[in-house]
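What follows is a short report on a single structure.
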Amino acid sequence: MTSLAADDRIDDLSAFGHDPWWIILIKAVLIFLVLVLLTLFNIWWERRVVARMQHRIGPNVNGPFGLLQSLADGVKLALKEDIIPKAADKAVFILAPILAAIPAFVTFSVIPFGPEVDMFGERTPLQLTDMPVAVLFVMAIASIGIYGIVLGGWSSGSTYSLLGGLRSSAQMISYEVAMGLALVAVFLYAGSMSTSEIVAAQKDVWFGFVLVPSFIIYMIAMVGETNRAPFDLPEAEGELVGGFHTEYSSLKFALFFLAEYINMATVSALATTLFLGGWHAPWPISQIWPGSNEGYWPLLWFFGKVLFFVFIFIWLRGSLPRLRYDQFMAFGWKRLIPISLLWIVAVATIRAVTLDGGVDRQQLLVIIGIMAAIFLVMFLIPERKSEEDEEPAVAGAPSSGGFPVPPMPAGGPVRGAAAPLTFREEN
């Protein structure tokens, strides 16, 4: 893979910013409609897939195959009574779901859906706009959604909502670090942060095959970033009732729900753009059919790849149990981030050797692979517990709440049946 030339970058970006105002308006409205319809479809698809995994039927009554069930649920949710808790900060309580929903729509403004096409007599790219730092723009706008979640939990006046908001902010910030580090290798190989140029750089080989560790790290981080199972700790029903949106109802709750599913589509579209060639057709189709990457056909390949990632979200939700919060945060900070940093150093070394020459690339790849395997084994080794953690509790010692707690068994938790109870006989 070679980076794009500077002239090509200027020519590519020069295609943006010249559309008539009505073309820009049509594109913006179409993106909005596509995201809303995709959300309704994803909700229905998730309910159907999880139902099949659990040997149930799922929605199948309203509309063909139950496709109108999500629309019916959305209308019902919007028409329900809107309740604002007495202890809530009313202005912030209303603003929070708006802050969460609007950035989810804005991030799609730089996602390329296809090449240049003829739209109502005008030659225009299937992308609202682009910029030299488009990927950083997506990360920055997506980060604003965290404010909506934090403020929603804080303004509710509820302890459960506040804990859910704090959990969510810590989780999203932690996994944004790993997600951003996973994208550095893509920037090094593409030579640009523009989404359209990154797609053009994958014309021959997708980065998902060249940068496999970055692809895997990004996929893990995007699940944690969107608060989806098995990383849905801010919405742990058994611990926090409903998380940051416990006190929300009606249309404001629907906005939080909409933001979650659009964010799921956003990270899927970004993964498609950065690792799976964007709107380019898969390899066998592009070789057999030369016109597969022309006209409006690339829309089919793009949304097919996006739905592939959405299916992974659904598959994980129906397969894996929820992690414990300390395990989840330790995995992000002690595993993903160090591995990402090591991989960036390896990729930068490979790029420098490839561009400058002087070192056998195959030998370098073998050495880096061996080092990566050693570090991976080291990271997977569980940490040893300290003696303080293993020390059993003293019988009758007060806990943090001032109540006595029973002692732990000397050998740790008892497995199997409990020992029979014996009672002292009184004379």
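Naming scheme: A, B, ... for chains in displayed order of the structure tokens; residues 1 onward per chain; ligands 1 onward as shown.
Residues lying within 7 Å of A:Leu79, counting only C-alpha atoms and ignoring same-chain neighbours fewer than 3 positions away, are A:Val75, A:Lys76, A:Ser250.
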Please dump the current selection as an mmCIF file, in the first residue's frame; keep C-alpha atoms.
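Result written to out.cif:
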```cif
data_model
loop_
_atom_site.group_PDB
_atom_site.id
_atom_site.type_symbol
_atom_site.label_atom_id
_atom_site.label_comp_id
_atom_site.auth_asym_id
_atom_site.auth_seq_id
_atom_site.Cartn_x
_atom_site.Cartn_y
_atom_site.Cartn_z
ATOM 1 C CA VAL A 75 -45.545 6.427 18.080
ATOM 2 C CA LYS A 76 -46.782 4.949 21.367
ATOM 3 C CA SER A 250 -42.157 9.754 26.520
#
```
ask   = Do you know which residues are at most 6 Å from A:Gly145 counting only C-alpha atoms, after dropping those on the same chain fewer than 3 positions away, and could you put them as a VMD selection string?
value = chain A and resid 99 to 100 142 148
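Nearest to A:Val133 of all the residues A:Val110, A:Val50, A:Ala346, A:Leu299 is A:Val110, counting only C-alpha atoms.
Residue neighbourhood of stretch 81-86 of chain A, excluding near-sequence residues (fewer than 5 positions): A:Phe93, A:Ile94, A:Ser155, A:Ser156, A:Gly157, A:Ser158, A:Glu247, A:Tyr248, A:Ser249, A:Ser250, A:Leu251, A:Lys252, A:Phe253, at 10 Å, using only C-alpha atoms.
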Would you save the residues of that selection, restricted to C-alpha atoms, as a PDB file, in the first residue's frame?
```pdb
ATOM      1  CA  PHE A  93     -33.320  17.655  32.102  1.00  0.00           C
ATOM      2  CA  ILE A  94     -34.931  18.701  28.810  1.00  0.00           C
ATOM      3  CA  SER A 155     -30.263  16.570  36.322  1.00  0.00           C
ATOM      4  CA  SER A 156     -32.729  13.768  37.183  1.00  0.00           C
ATOM      5  CA  GLY A 157     -32.234  14.202  40.929  1.00  0.00           C
ATOM      6  CA  SER A 158     -31.956  10.434  41.341  1.00  0.00           C
ATOM      7  CA  GLU A 247     -36.397   9.125  35.245  1.00  0.00           C
ATOM      8  CA  TYR A 248     -37.053   9.810  31.553  1.00  0.00           C
ATOM      9  CA  SER A 249     -40.280   9.013  29.733  1.00  0.00           C
ATOM     10  CA  SER A 250     -42.157   9.754  26.520  1.00  0.00           C
ATOM     11  CA  LEU A 251     -40.340  11.619  23.736  1.00  0.00           C
ATOM     12  CA  LYS A 252     -37.232  12.446  25.781  1.00  0.00           C
ATOM     13  CA  PHE A 253     -36.627   8.770  26.496  1.00  0.00           C
TER      14      PHE A 253
END
```
Selection: 12 Å around A:Gln327, only C-alpha atoms, excl. self and same-chain fewer than 4 positions, as a ChimeraX atom specification = /A:171,230-231,233,322-323,331-335,382-383
task = Name the residues in contact with A:Ser70 at a cut-off of 12 Å, using only C-alpha atoms, excluding same-chain residues fewer than 3 positions from it; report them as a ChimeraX atom specification.
result = /A:36-48,58-63,65-67,73-77,254,257-258
key: Exercise: A:Val138 partners within 10 Å, only C-alpha atoms, chain neighbours under 4 positions left out, as number ranges by chain   = A: 103-104, 106-111, 133-134, 142-143, 195, 266-267, 270
ask   = Hey, what's within 7 Å of stretch 287-294 of chain A if we count only C-alpha atoms and toss same-chain stuff fewer than 5 positions away? As a list of chain:residue names, please?
value =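 Once the adjacent positions are removed, what remains is A:Pro115, A:His280, A:Ala281.
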Just write the chosen residues, all heavy atoms, as an mmCIF file, in the first residue's frame.
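The result, written out as again23.cif:
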```cif
data_model
loop_
_atom_site.group_PDB
_atom_site.id
_atom_site.type_symbol
_atom_site.label_atom_id
_atom_site.label_comp_id
_atom_site.auth_asym_id
_atom_site.auth_seq_id
_atom_site.Cartn_x
_atom_site.Cartn_y
_atom_site.Cartn_z
ATOM 1 N N PRO A 115 -19.491 7.018 -4.770
ATOM 2 C CA PRO A 115 -18.676 7.929 -5.596
ATOM 3 C C PRO A 115 -19.522 9.096 -6.113
ATOM 4 O O PRO A 115 -20.645 9.316 -5.658
ATOM 5 C CB PRO A 115 -18.219 7.015 -6.735
ATOM 6 C CG PRO A 115 -19.360 6.047 -6.886
ATOM 7 C CD PRO A 115 -19.920 5.825 -5.504
ATOM 8 N N HIS A 280 -16.754 0.514 -1.631
ATOM 9 C CA HIS A 280 -16.230 -0.376 -2.678
ATOM 10 C C HIS A 280 -16.854 -1.762 -2.563
ATOM 11 O O HIS A 280 -17.070 -2.270 -1.459
ATOM 12 C CB HIS A 280 -14.707 -0.490 -2.571
ATOM 13 C CG HIS A 280 -13.980 0.721 -3.058
ATOM 14 N ND1 HIS A 280 -13.133 1.463 -2.252
ATOM 15 C CD2 HIS A 280 -13.974 1.348 -4.258
ATOM 16 C CE1 HIS A 280 -12.632 2.464 -2.946
ATOM 17 N NE2 HIS A 280 -13.134 2.424 -4.158
ATOM 18 N N ALA A 281 -17.119 -2.372 -3.702
ATOM 19 C CA ALA A 281 -17.695 -3.712 -3.732
ATOM 20 C C ALA A 281 -16.685 -4.731 -3.228
ATOM 21 O O ALA A 281 -15.464 -4.528 -3.352
ATOM 22 C CB ALA A 281 -18.137 -4.072 -5.145
#
```
key: Separation of atom CA of A:Lys305 from atom CA of A:Tyr189, in Å and rounded to one decimal   =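 Spanning atom CA of A:Lys305 to atom CA of A:Tyr189 is a straight-line distance of 21.4 Å.
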Two-atom distance - atom CA of A:Phe275, atom CA of A:Phe207 (Å) = 4.7 Å
Per-residue nearest contacts stretch 263-292 of chain A to stretch 309-316 of chain A, cut-off 8 Å, using only C-alpha atoms, as a Markdown table:
```
| residue | atom | partner | partner_atom | distance |
| --- | --- | --- | --- | --- |
| A:Met264 | CA | A:Val310 | CA | 7.1 |
| A:Ala265 | CA | A:Val310 | CA | 7.1 |
| A:Ser268 | CA | A:Phe309 | CA | 5.5 |
```
Among the residues of stretch 115-200 of chain A, find those DSSP assigns to strand (DSSP E or B) from the backbone and print them as a PDB file with N, CA, C and O atoms, in the first residue's frame.
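In the end it all went to result_13.pdb:
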```pdb
ATOM      1  N   GLU A 116     -18.984   9.831  -7.060  1.00  0.00           N
ATOM      2  CA  GLU A 116     -19.745  10.911  -7.682  1.00  0.00           C
ATOM      3  C   GLU A 116     -20.827  10.345  -8.586  1.00  0.00           C
ATOM      4  O   GLU A 116     -20.592   9.390  -9.331  1.00  0.00           O
ATOM      5  N   VAL A 117     -22.010  10.932  -8.505  1.00  0.00           N
ATOM      6  CA  VAL A 117     -23.161  10.476  -9.282  1.00  0.00           C
ATOM      7  C   VAL A 117     -23.879  11.695  -9.846  1.00  0.00           C
ATOM      8  O   VAL A 117     -23.605  12.841  -9.460  1.00  0.00           O
ATOM      9  N   ASP A 118     -24.804  11.439 -10.770  1.00  0.00           N
ATOM     10  CA  ASP A 118     -25.679  12.481 -11.297  1.00  0.00           C
ATOM     11  C   ASP A 118     -26.942  12.523 -10.457  1.00  0.00           C
ATOM     12  O   ASP A 118     -27.694  11.543 -10.398  1.00  0.00           O
ATOM     13  N   MET A 119     -27.183  13.636  -9.767  1.00  0.00           N
ATOM     14  CA  MET A 119     -28.364  13.807  -8.923  1.00  0.00           C
ATOM     15  C   MET A 119     -29.153  15.008  -9.429  1.00  0.00           C
ATOM     16  O   MET A 119     -28.729  16.159  -9.258  1.00  0.00           O
ATOM     17  N   GLU A 122     -27.164  17.329 -11.597  1.00  0.00           N
ATOM     18  CA  GLU A 122     -25.940  17.868 -11.006  1.00  0.00           C
ATOM     19  C   GLU A 122     -24.975  16.732 -10.679  1.00  0.00           C
ATOM     20  O   GLU A 122     -25.381  15.692 -10.176  1.00  0.00           O
ATOM     21  N   ARG A 123     -23.697  16.947 -10.985  1.00  0.00           N
ATOM     22  CA  ARG A 123     -22.669  15.972 -10.652  1.00  0.00           C
ATOM     23  C   ARG A 123     -22.200  16.232  -9.231  1.00  0.00           C
ATOM     24  O   ARG A 123     -21.652  17.312  -8.919  1.00  0.00           O
ATOM     25  N   THR A 124     -22.397  15.263  -8.339  1.00  0.00           N
ATOM     26  CA  THR A 124     -22.095  15.474  -6.926  1.00  0.00           C
ATOM     27  C   THR A 124     -21.689  14.158  -6.276  1.00  0.00           C
ATOM     28  O   THR A 124     -22.167  13.088  -6.674  1.00  0.00           O
ATOM     29  N   PRO A 125     -20.782  14.185  -5.289  1.00  0.00           N
ATOM     30  CA  PRO A 125     -20.423  12.946  -4.575  1.00  0.00           C
ATOM     31  C   PRO A 125     -21.535  12.533  -3.617  1.00  0.00           C
ATOM     32  O   PRO A 125     -22.261  13.382  -3.089  1.00  0.00           O
TER      33      PRO A 125
END
```
